[in-house]
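This is upload09.cif (mmCIF, N, CA and C atoms).
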data_protein
loop_
_atom_site.group_PDB
_atom_site.id
_atom_site.type_symbol
_atom_site.label_atom_id
_atom_site.label_comp_id
_atom_site.auth_asym_id
_atom_site.auth_seq_id
_atom_site.Cartn_x
_atom_site.Cartn_y
_atom_site.Cartn_z
ATOM 1 N N MET T 25 -3.535 11.227 76.502
ATOM 2 C CA MET T 25 -4.283 10.575 77.555
ATOM 3 C C MET T 25 -4.824 9.222 77.088
ATOM 4 N N GLU T 26 -5.364 9.201 75.850
ATOM 5 C CA GLU T 26 -5.892 7.946 75.322
ATOM 6 C C GLU T 26 -4.780 6.903 75.196
ATOM 7 N N LYS T 27 -3.596 7.363 74.794
ATOM 8 C CA LYS T 27 -2.463 6.449 74.645
ATOM 9 C C LYS T 27 -2.121 5.801 75.986
ATOM 10 N N GLN T 28 -2.171 6.582 77.048
ATOM 11 C CA GLN T 28 -1.869 6.050 78.384
ATOM 12 C C GLN T 28 -2.929 5.040 78.821
ATOM 13 N N ILE T 29 -4.183 5.302 78.524
ATOM 14 C CA ILE T 29 -5.265 4.371 78.872
ATOM 15 C C ILE T 29 -5.102 3.068 78.108
ATOM 16 N N LEU T 30 -4.793 3.171 76.805
ATOM 17 C CA LEU T 30 -4.587 1.972 75.999
ATOM 18 C C LEU T 30 -3.403 1.161 76.527
ATOM 19 N N GLN T 31 -2.338 1.841 76.917
ATOM 20 C CA GLN T 31 -1.159 1.148 77.441
ATOM 21 C C GLN T 31 -1.489 0.426 78.746
ATOM 22 N N GLU T 32 -2.307 1.041 79.590
ATOM 23 C CA GLU T 32 -2.720 0.394 80.834
ATOM 24 C C GLU T 32 -3.551 -0.853 80.556
ATOM 25 N N LYS T 33 -4.440 -0.770 79.555
ATOM 26 C CA LYS T 33 -5.240 -1.938 79.169
ATOM 27 C C LYS T 33 -4.336 -3.059 78.657
ATOM 28 N N ILE T 34 -3.338 -2.684 77.852
ATOM 29 C CA ILE T 34 -2.388 -3.677 77.333
ATOM 30 C C ILE T 34 -1.639 -4.346 78.480
ATOM 31 N N ASN T 35 -1.189 -3.555 79.442
ATOM 32 C CA ASN T 35 -0.478 -4.105 80.600
ATOM 33 C C ASN T 35 -1.357 -5.072 81.390
ATOM 34 N N MET T 36 -2.631 -4.717 81.574
ATOM 35 C CA MET T 36 -3.553 -5.604 82.298
ATOM 36 C C MET T 36 -3.765 -6.912 81.538
ATOM 37 N N LEU T 37 -3.925 -6.827 80.216
ATOM 38 C CA LEU T 37 -4.115 -8.027 79.409
ATOM 39 C C LEU T 37 -2.855 -8.890 79.391
ATOM 40 N N ASN T 38 -1.689 -8.260 79.331
ATOM 41 C CA ASN T 38 -0.429 -9.019 79.386
ATOM 42 C C ASN T 38 -0.304 -9.753 80.717
ATOM 43 N N GLN T 39 -0.728 -9.093 81.795
ATOM 44 C CA GLN T 39 -0.709 -9.742 83.105
ATOM 45 C C GLN T 39 -1.657 -10.945 83.113
ATOM 46 N N ARG T 40 -2.822 -10.798 82.484
ATOM 47 C CA ARG T 40 -3.782 -11.918 82.391
ATOM 48 C C ARG T 40 -3.169 -13.081 81.613
ATOM 49 N N LEU T 41 -2.449 -12.781 80.538
ATOM 50 C CA LEU T 41 -1.786 -13.834 79.766
ATOM 51 C C LEU T 41 -0.750 -14.567 80.622
ATOM 52 N N ARG T 42 0.044 -13.821 81.387
ATOM 53 C CA ARG T 42 1.041 -14.452 82.263
ATOM 54 C C ARG T 42 0.378 -15.389 83.268
ATOM 55 N N ILE T 43 -0.716 -14.919 83.861
ATOM 56 C CA ILE T 43 -1.434 -15.738 84.846
ATOM 57 C C ILE T 43 -1.970 -17.006 84.196
ATOM 58 N N LEU T 44 -2.580 -16.872 83.025
ATOM 59 C CA LEU T 44 -3.106 -18.046 82.313
ATOM 60 C C LEU T 44 -2.008 -19.072 82.047
ATOM 61 N N ILE T 45 -0.879 -18.591 81.557
ATOM 62 C CA ILE T 45 0.227 -19.498 81.217
ATOM 63 C C ILE T 45 0.777 -20.184 82.457
ATOM 64 N N LEU T 46 0.954 -19.426 83.531
ATOM 65 C CA LEU T 46 1.472 -20.018 84.764
ATOM 66 C C LEU T 46 0.491 -21.015 85.369
ATOM 67 N N GLN T 47 -0.793 -20.702 85.336
ATOM 68 C CA GLN T 47 -1.788 -21.629 85.858
ATOM 69 C C GLN T 47 -1.783 -22.928 85.061
ATOM 70 N N ASN T 48 -1.692 -22.818 83.756
ATOM 71 C CA ASN T 48 -1.711 -24.010 82.921
ATOM 72 C C ASN T 48 -0.436 -24.825 83.095
ATOM 73 N N ALA T 49 0.693 -24.171 83.315
ATOM 74 C CA ALA T 49 1.961 -24.877 83.503
ATOM 75 C C ALA T 49 1.904 -25.754 84.753
ATOM 76 N N ARG T 50 1.227 -25.276 85.780
ATOM 77 C CA ARG T 50 1.113 -26.054 87.013
ATOM 78 C C ARG T 50 0.184 -27.249 86.855
ATOM 79 N N GLU T 51 -0.821 -27.112 85.999
ATOM 80 C CA GLU T 51 -1.824 -28.164 85.844
ATOM 81 C C GLU T 51 -1.363 -29.288 84.922
ATOM 82 N N GLY T 52 -0.317 -29.096 84.194
ATOM 83 C CA GLY T 52 0.162 -30.141 83.295
ATOM 84 C C GLY T 52 0.387 -29.608 81.902
ATOM 85 N N SER T 53 0.881 -30.461 81.045
ATOM 86 C CA SER T 53 1.249 -30.025 79.706
ATOM 87 C C SER T 53 0.113 -30.156 78.698
ATOM 88 N N VAL T 54 -1.041 -30.667 79.119
ATOM 89 C CA VAL T 54 -2.161 -30.841 78.195
ATOM 90 C C VAL T 54 -2.957 -29.540 78.158
ATOM 91 N N TYR T 55 -3.090 -28.972 76.970
ATOM 92 C CA TYR T 55 -3.843 -27.728 76.809
ATOM 93 C C TYR T 55 -5.299 -28.067 76.526
ATOM 94 N N ASP T 56 -6.188 -27.603 77.396
ATOM 95 C CA ASP T 56 -7.600 -27.831 77.127
ATOM 96 C C ASP T 56 -8.161 -26.706 76.267
ATOM 97 N N ASP T 57 -9.342 -26.943 75.706
ATOM 98 C CA ASP T 57 -9.935 -25.971 74.793
ATOM 99 C C ASP T 57 -10.220 -24.637 75.475
ATOM 100 N N LYS T 58 -10.651 -24.675 76.730
ATOM 101 C CA LYS T 58 -10.956 -23.436 77.454
ATOM 102 C C LYS T 58 -9.711 -22.559 77.569
ATOM 103 N N PHE T 59 -8.576 -23.162 77.933
ATOM 104 C CA PHE T 59 -7.316 -22.423 78.052
ATOM 105 C C PHE T 59 -6.909 -21.823 76.716
ATOM 106 N N LEU T 60 -6.953 -22.631 75.665
ATOM 107 C CA LEU T 60 -6.524 -22.157 74.349
ATOM 108 C C LEU T 60 -7.417 -21.040 73.825
ATOM 109 N N LEU T 61 -8.724 -21.159 74.032
ATOM 110 C CA LEU T 61 -9.635 -20.110 73.576
ATOM 111 C C LEU T 61 -9.413 -18.808 74.333
ATOM 112 N N GLU T 62 -9.228 -18.900 75.644
ATOM 113 C CA GLU T 62 -8.988 -17.690 76.423
ATOM 114 C C GLU T 62 -7.661 -17.052 76.027
ATOM 115 N N LEU T 63 -6.639 -17.863 75.827
ATOM 116 C CA LEU T 63 -5.338 -17.366 75.384
ATOM 117 C C LEU T 63 -5.466 -16.659 74.036
ATOM 118 N N TYR T 64 -6.222 -17.253 73.141
ATOM 119 C CA TYR T 64 -6.461 -16.687 71.812
ATOM 120 C C TYR T 64 -7.163 -15.329 71.905
ATOM 121 N N HIS T 65 -8.211 -15.257 72.710
ATOM 122 C CA HIS T 65 -8.985 -14.020 72.823
ATOM 123 C C HIS T 65 -8.181 -12.901 73.482
ATOM 124 N N VAL T 66 -7.490 -13.220 74.569
ATOM 125 C CA VAL T 66 -6.725 -12.191 75.279
ATOM 126 C C VAL T 66 -5.572 -11.688 74.418
ATOM 127 N N SER T 67 -4.858 -12.603 73.761
ATOM 128 C CA SER T 67 -3.745 -12.164 72.917
ATOM 129 C C SER T 67 -4.256 -11.371 71.721
ATOM 130 N N GLY T 68 -5.429 -11.717 71.197
ATOM 131 C CA GLY T 68 -6.027 -10.938 70.114
ATOM 132 C C GLY T 68 -6.359 -9.520 70.551
ATOM 133 N N GLN T 69 -6.846 -9.382 71.788
ATOM 134 C CA GLN T 69 -7.137 -8.048 72.323
ATOM 135 C C GLN T 69 -5.852 -7.228 72.470
ATOM 136 N N VAL T 70 -4.790 -7.880 72.947
ATOM 137 C CA VAL T 70 -3.507 -7.186 73.100
ATOM 138 C C VAL T 70 -3.018 -6.690 71.744
ATOM 139 N N LEU T 71 -3.063 -7.548 70.743
ATOM 140 C CA LEU T 71 -2.592 -7.157 69.412
ATOM 141 C C LEU T 71 -3.431 -6.032 68.822
ATOM 142 N N ALA T 72 -4.749 -6.091 69.019
ATOM 143 C CA ALA T 72 -5.629 -5.040 68.499
ATOM 144 C C ALA T 72 -5.311 -3.700 69.152
ATOM 145 N N LEU T 73 -5.088 -3.706 70.460
ATOM 146 C CA LEU T 73 -4.755 -2.466 71.161
ATOM 147 C C LEU T 73 -3.392 -1.930 70.721
ATOM 148 N N LYS T 74 -2.434 -2.828 70.529
ATOM 149 C CA LYS T 74 -1.108 -2.388 70.081
ATOM 150 C C LYS T 74 -1.172 -1.819 68.668
ATOM 151 N N GLN T 75 -2.014 -2.412 67.824
ATOM 152 C CA GLN T 75 -2.181 -1.862 66.477
ATOM 153 C C GLN T 75 -2.784 -0.473 66.556
ATOM 154 N N LYS T 76 -3.730 -0.312 67.459
ATOM 155 C CA LYS T 76 -4.363 0.991 67.633
ATOM 156 C C LYS T 76 -3.336 2.036 68.078
ATOM 157 N N LEU T 77 -2.381 1.604 68.891
ATOM 158 C CA LEU T 77 -1.312 2.508 69.323
ATOM 159 C C LEU T 77 -0.247 2.703 68.242
ATOM 160 N N GLY T 78 -0.279 1.867 67.206
ATOM 161 C CA GLY T 78 0.707 1.979 66.145
ATOM 162 C C GLY T 78 2.041 1.348 66.486
ATOM 163 N N GLN T 79 2.043 0.416 67.440
ATOM 164 C CA GLN T 79 3.283 -0.209 67.871
ATOM 165 C C GLN T 79 3.632 -1.465 67.078
ATOM 166 N N TRP T 80 2.695 -1.989 66.308
ATOM 167 C CA TRP T 80 2.938 -3.258 65.614
ATOM 168 C C TRP T 80 2.773 -3.075 64.123
ATOM 169 N N ARG T 81 3.547 -3.820 63.400
ATOM 170 C CA ARG T 81 3.410 -3.859 61.949
ATOM 171 C C ARG T 81 3.572 -5.305 61.515
ATOM 172 N N GLN T 82 2.936 -5.645 60.424
ATOM 173 C CA GLN T 82 3.059 -7.004 59.923
ATOM 174 C C GLN T 82 4.263 -7.077 58.999
ATOM 175 N N THR T 83 5.056 -8.132 59.175
ATOM 176 C CA THR T 83 6.216 -8.317 58.321
ATOM 177 C C THR T 83 5.945 -9.460 57.359
ATOM 178 N N THR T 84 6.678 -9.474 56.265
ATOM 179 C CA THR T 84 6.559 -10.566 55.316
ATOM 180 C C THR T 84 7.850 -11.363 55.318
ATOM 181 N N VAL T 85 7.719 -12.614 55.018
ATOM 182 C CA VAL T 85 8.871 -13.500 54.969
ATOM 183 C C VAL T 85 9.339 -13.561 53.518
ATOM 184 N N VAL T 86 10.621 -13.267 53.281
ATOM 185 C CA VAL T 86 11.150 -13.226 51.923
ATOM 186 C C VAL T 86 11.130 -14.621 51.303
ATOM 187 N N ASN T 87 11.777 -15.561 51.928
ATOM 188 C CA ASN T 87 11.773 -16.939 51.447
ATOM 189 C C ASN T 87 10.841 -17.734 52.337
ATOM 190 N N ARG T 88 9.646 -17.941 51.871
ATOM 191 C CA ARG T 88 8.649 -18.626 52.694
ATOM 192 C C ARG T 88 9.047 -20.080 52.904
ATOM 193 N N ILE T 89 8.997 -20.479 54.143
ATOM 194 C CA ILE T 89 9.273 -21.856 54.517
ATOM 195 C C ILE T 89 7.930 -22.502 54.846
ATOM 196 N N PRO T 90 7.649 -23.692 54.303
ATOM 197 C CA PRO T 90 6.367 -24.334 54.595
ATOM 198 C C PRO T 90 6.161 -24.460 56.102
ATOM 199 N N GLY T 91 4.972 -24.079 56.555
ATOM 200 C CA GLY T 91 4.643 -24.183 57.970
ATOM 201 C C GLY T 91 5.012 -22.954 58.775
ATOM 202 N N ILE T 92 5.735 -21.999 58.179
ATOM 203 C CA ILE T 92 6.102 -20.778 58.874
ATOM 204 C C ILE T 92 5.157 -19.669 58.428
ATOM 205 N N VAL T 93 4.562 -18.978 59.393
ATOM 206 C CA VAL T 93 3.603 -17.918 59.109
ATOM 207 C C VAL T 93 4.261 -16.572 59.431
ATOM 208 N N PRO T 94 4.017 -15.553 58.613
ATOM 209 C CA PRO T 94 4.552 -14.231 58.953
ATOM 210 C C PRO T 94 4.091 -13.825 60.351
ATOM 211 N N THR T 95 4.964 -13.146 61.076
ATOM 212 C CA THR T 95 4.649 -12.780 62.451
ATOM 213 C C THR T 95 4.523 -11.280 62.588
ATOM 214 N N LEU T 96 3.976 -10.872 63.713
ATOM 215 C CA LEU T 96 3.895 -9.464 64.037
ATOM 216 C C LEU T 96 5.125 -9.103 64.846
ATOM 217 N N VAL T 97 5.758 -7.998 64.503
ATOM 218 C CA VAL T 97 6.991 -7.589 65.152
ATOM 219 C C VAL T 97 6.806 -6.191 65.720
ATOM 220 N N ALA T 98 7.283 -5.992 66.942
ATOM 221 C CA ALA T 98 7.193 -4.677 67.561
ATOM 222 C C ALA T 98 8.143 -3.705 66.888
ATOM 223 N N GLN T 99 7.659 -2.499 66.660
ATOM 224 C CA GLN T 99 8.523 -1.449 66.132
ATOM 225 C C GLN T 99 9.128 -0.700 67.302
ATOM 226 N N SER T 100 10.364 -0.289 67.153
ATOM 227 C CA SER T 100 10.974 0.477 68.241
ATOM 228 C C SER T 100 11.230 1.892 67.823
#
Would you kindly transcribe this structure into structure tokens?
Amino acid sequence: MEKQILQEKINMLNQRLRILILQNAREGSVYDDKFLLELYHVSGQVLALKQKLGQWRQTTVVNRIPGIVPTLVAQS
């Protein structure tokens, strides 16, 4: 039951991210601080919930390229 509730929260947050991105795309290509902060917070919540569900793991980059940061990858 908890897993289903967490998944619903993730879906709602993903929908919020889509709305934010689409709204900003219509307003122009300049990202304001309010948009970036909200995007940061919502995506952080999504990642935290996915970690709680055990769906994400951190990967390491074998040959590190300057400017490239290890990313989070979904497990299937």
Inset, instruction - Using the chain letters and numbers from the file, give me the residues hit by the PyMOL selection byres ((chain T and resi 63-74) around 7), as a PyMOL selection string. - result: chain T and resi 30+33-34+37-38+41+58-62+75-80
Grab the residues selected above and save them as an mmCIF file, in the coordinates of the input with N, CA and C atoms.
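Saved result, selection13.cif, follows:
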data_model
loop_
_atom_site.group_PDB
_atom_site.id
_atom_site.type_symbol
_atom_site.label_atom_id
_atom_site.label_comp_id
_atom_site.auth_asym_id
_atom_site.auth_seq_id
_atom_site.Cartn_x
_atom_site.Cartn_y
_atom_site.Cartn_z
ATOM 1 N N LEU T 30 -4.793 3.171 76.805
ATOM 2 C CA LEU T 30 -4.587 1.972 75.999
ATOM 3 C C LEU T 30 -3.403 1.161 76.527
ATOM 4 N N LYS T 33 -4.440 -0.770 79.555
ATOM 5 C CA LYS T 33 -5.240 -1.938 79.169
ATOM 6 C C LYS T 33 -4.336 -3.059 78.657
ATOM 7 N N ILE T 34 -3.338 -2.684 77.852
ATOM 8 C CA ILE T 34 -2.388 -3.677 77.333
ATOM 9 C C ILE T 34 -1.639 -4.346 78.480
ATOM 10 N N LEU T 37 -3.925 -6.827 80.216
ATOM 11 C CA LEU T 37 -4.115 -8.027 79.409
ATOM 12 C C LEU T 37 -2.855 -8.890 79.391
ATOM 13 N N ASN T 38 -1.689 -8.260 79.331
ATOM 14 C CA ASN T 38 -0.429 -9.019 79.386
ATOM 15 C C ASN T 38 -0.304 -9.753 80.717
ATOM 16 N N LEU T 41 -2.449 -12.781 80.538
ATOM 17 C CA LEU T 41 -1.786 -13.834 79.766
ATOM 18 C C LEU T 41 -0.750 -14.567 80.622
ATOM 19 N N LYS T 58 -10.651 -24.675 76.730
ATOM 20 C CA LYS T 58 -10.956 -23.436 77.454
ATOM 21 C C LYS T 58 -9.711 -22.559 77.569
ATOM 22 N N PHE T 59 -8.576 -23.162 77.933
ATOM 23 C CA PHE T 59 -7.316 -22.423 78.052
ATOM 24 C C PHE T 59 -6.909 -21.823 76.716
ATOM 25 N N LEU T 60 -6.953 -22.631 75.665
ATOM 26 C CA LEU T 60 -6.524 -22.157 74.349
ATOM 27 C C LEU T 60 -7.417 -21.040 73.825
ATOM 28 N N LEU T 61 -8.724 -21.159 74.032
ATOM 29 C CA LEU T 61 -9.635 -20.110 73.576
ATOM 30 C C LEU T 61 -9.413 -18.808 74.333
ATOM 31 N N GLU T 62 -9.228 -18.900 75.644
ATOM 32 C CA GLU T 62 -8.988 -17.690 76.423
ATOM 33 C C GLU T 62 -7.661 -17.052 76.027
ATOM 34 N N GLN T 75 -2.014 -2.412 67.824
ATOM 35 C CA GLN T 75 -2.181 -1.862 66.477
ATOM 36 C C GLN T 75 -2.784 -0.473 66.556
ATOM 37 N N LYS T 76 -3.730 -0.312 67.459
ATOM 38 C CA LYS T 76 -4.363 0.991 67.633
ATOM 39 C C LYS T 76 -3.336 2.036 68.078
ATOM 40 N N LEU T 77 -2.381 1.604 68.891
ATOM 41 C CA LEU T 77 -1.312 2.508 69.323
ATOM 42 C C LEU T 77 -0.247 2.703 68.242
ATOM 43 N N GLY T 78 -0.279 1.867 67.206
ATOM 44 C CA GLY T 78 0.707 1.979 66.145
ATOM 45 C C GLY T 78 2.041 1.348 66.486
ATOM 46 N N GLN T 79 2.043 0.416 67.440
ATOM 47 C CA GLN T 79 3.283 -0.209 67.871
ATOM 48 C C GLN T 79 3.632 -1.465 67.078
ATOM 49 N N TRP T 80 2.695 -1.989 66.308
ATOM 50 C CA TRP T 80 2.938 -3.258 65.614
ATOM 51 C C TRP T 80 2.773 -3.075 64.123
#
Inset, instruction - Give me, please, the distance in Å between atom C of Leu46 of chain T and atom N of Gln31 of chain T, quoted to one decimal. - result: 24.5 Å
Legend entry - Interatomic distance (Å, one decimal) between atom C of Lys27 of chain T and atom N of Gln39 of chain T: 16.0 Å
Output segment 29-42 of chain T with N, CA, C and O atoms present, as a short mmCIF file (atom, residue, chain, number, x, y, z; two decimals), keeping the file's coordinate frame.
data_model
loop_
_atom_site.label_atom_id
_atom_site.label_comp_id
_atom_site.auth_asym_id
_atom_site.auth_seq_id
_atom_site.Cartn_x
_atom_site.Cartn_y
_atom_site.Cartn_z
N ILE T 29 -4.18 5.30 78.52
CA ILE T 29 -5.26 4.37 78.87
C ILE T 29 -5.10 3.07 78.11
O ILE T 29 -5.24 1.98 78.67
N LEU T 30 -4.79 3.17 76.81
CA LEU T 30 -4.59 1.97 76.00
C LEU T 30 -3.40 1.16 76.53
O LEU T 30 -3.46 -0.07 76.60
N GLN T 31 -2.34 1.84 76.92
CA GLN T 31 -1.16 1.15 77.44
C GLN T 31 -1.49 0.43 78.75
O GLN T 31 -1.03 -0.69 78.98
N GLU T 32 -2.31 1.04 79.59
CA GLU T 32 -2.72 0.39 80.83
C GLU T 32 -3.55 -0.85 80.56
O GLU T 32 -3.39 -1.87 81.22
N LYS T 33 -4.44 -0.77 79.56
CA LYS T 33 -5.24 -1.94 79.17
C LYS T 33 -4.34 -3.06 78.66
O LYS T 33 -4.54 -4.23 78.97
N ILE T 34 -3.34 -2.68 77.85
CA ILE T 34 -2.39 -3.68 77.33
C ILE T 34 -1.64 -4.35 78.48
O ILE T 34 -1.48 -5.56 78.51
N ASN T 35 -1.19 -3.56 79.44
CA ASN T 35 -0.48 -4.11 80.60
C ASN T 35 -1.36 -5.07 81.39
O ASN T 35 -0.89 -6.13 81.82
N MET T 36 -2.63 -4.72 81.57
CA MET T 36 -3.55 -5.60 82.30
C MET T 36 -3.76 -6.91 81.54
O MET T 36 -3.78 -7.99 82.13
N LEU T 37 -3.92 -6.83 80.22
CA LEU T 37 -4.12 -8.03 79.41
C LEU T 37 -2.86 -8.89 79.39
O LEU T 37 -2.94 -10.12 79.44
N ASN T 38 -1.69 -8.26 79.33
CA ASN T 38 -0.43 -9.02 79.39
C ASN T 38 -0.30 -9.75 80.72
O ASN T 38 0.16 -10.90 80.76
N GLN T 39 -0.73 -9.09 81.80
CA GLN T 39 -0.71 -9.74 83.10
C GLN T 39 -1.66 -10.94 83.11
O GLN T 39 -1.33 -12.00 83.65
N ARG T 40 -2.82 -10.80 82.48
CA ARG T 40 -3.78 -11.92 82.39
C ARG T 40 -3.17 -13.08 81.61
O ARG T 40 -3.35 -14.25 81.99
N LEU T 41 -2.45 -12.78 80.54
CA LEU T 41 -1.79 -13.83 79.77
C LEU T 41 -0.75 -14.57 80.62
O LEU T 41 -0.67 -15.80 80.59
N ARG T 42 0.04 -13.82 81.39
CA ARG T 42 1.04 -14.45 82.26
C ARG T 42 0.38 -15.39 83.27
O ARG T 42 0.85 -16.51 83.50
#
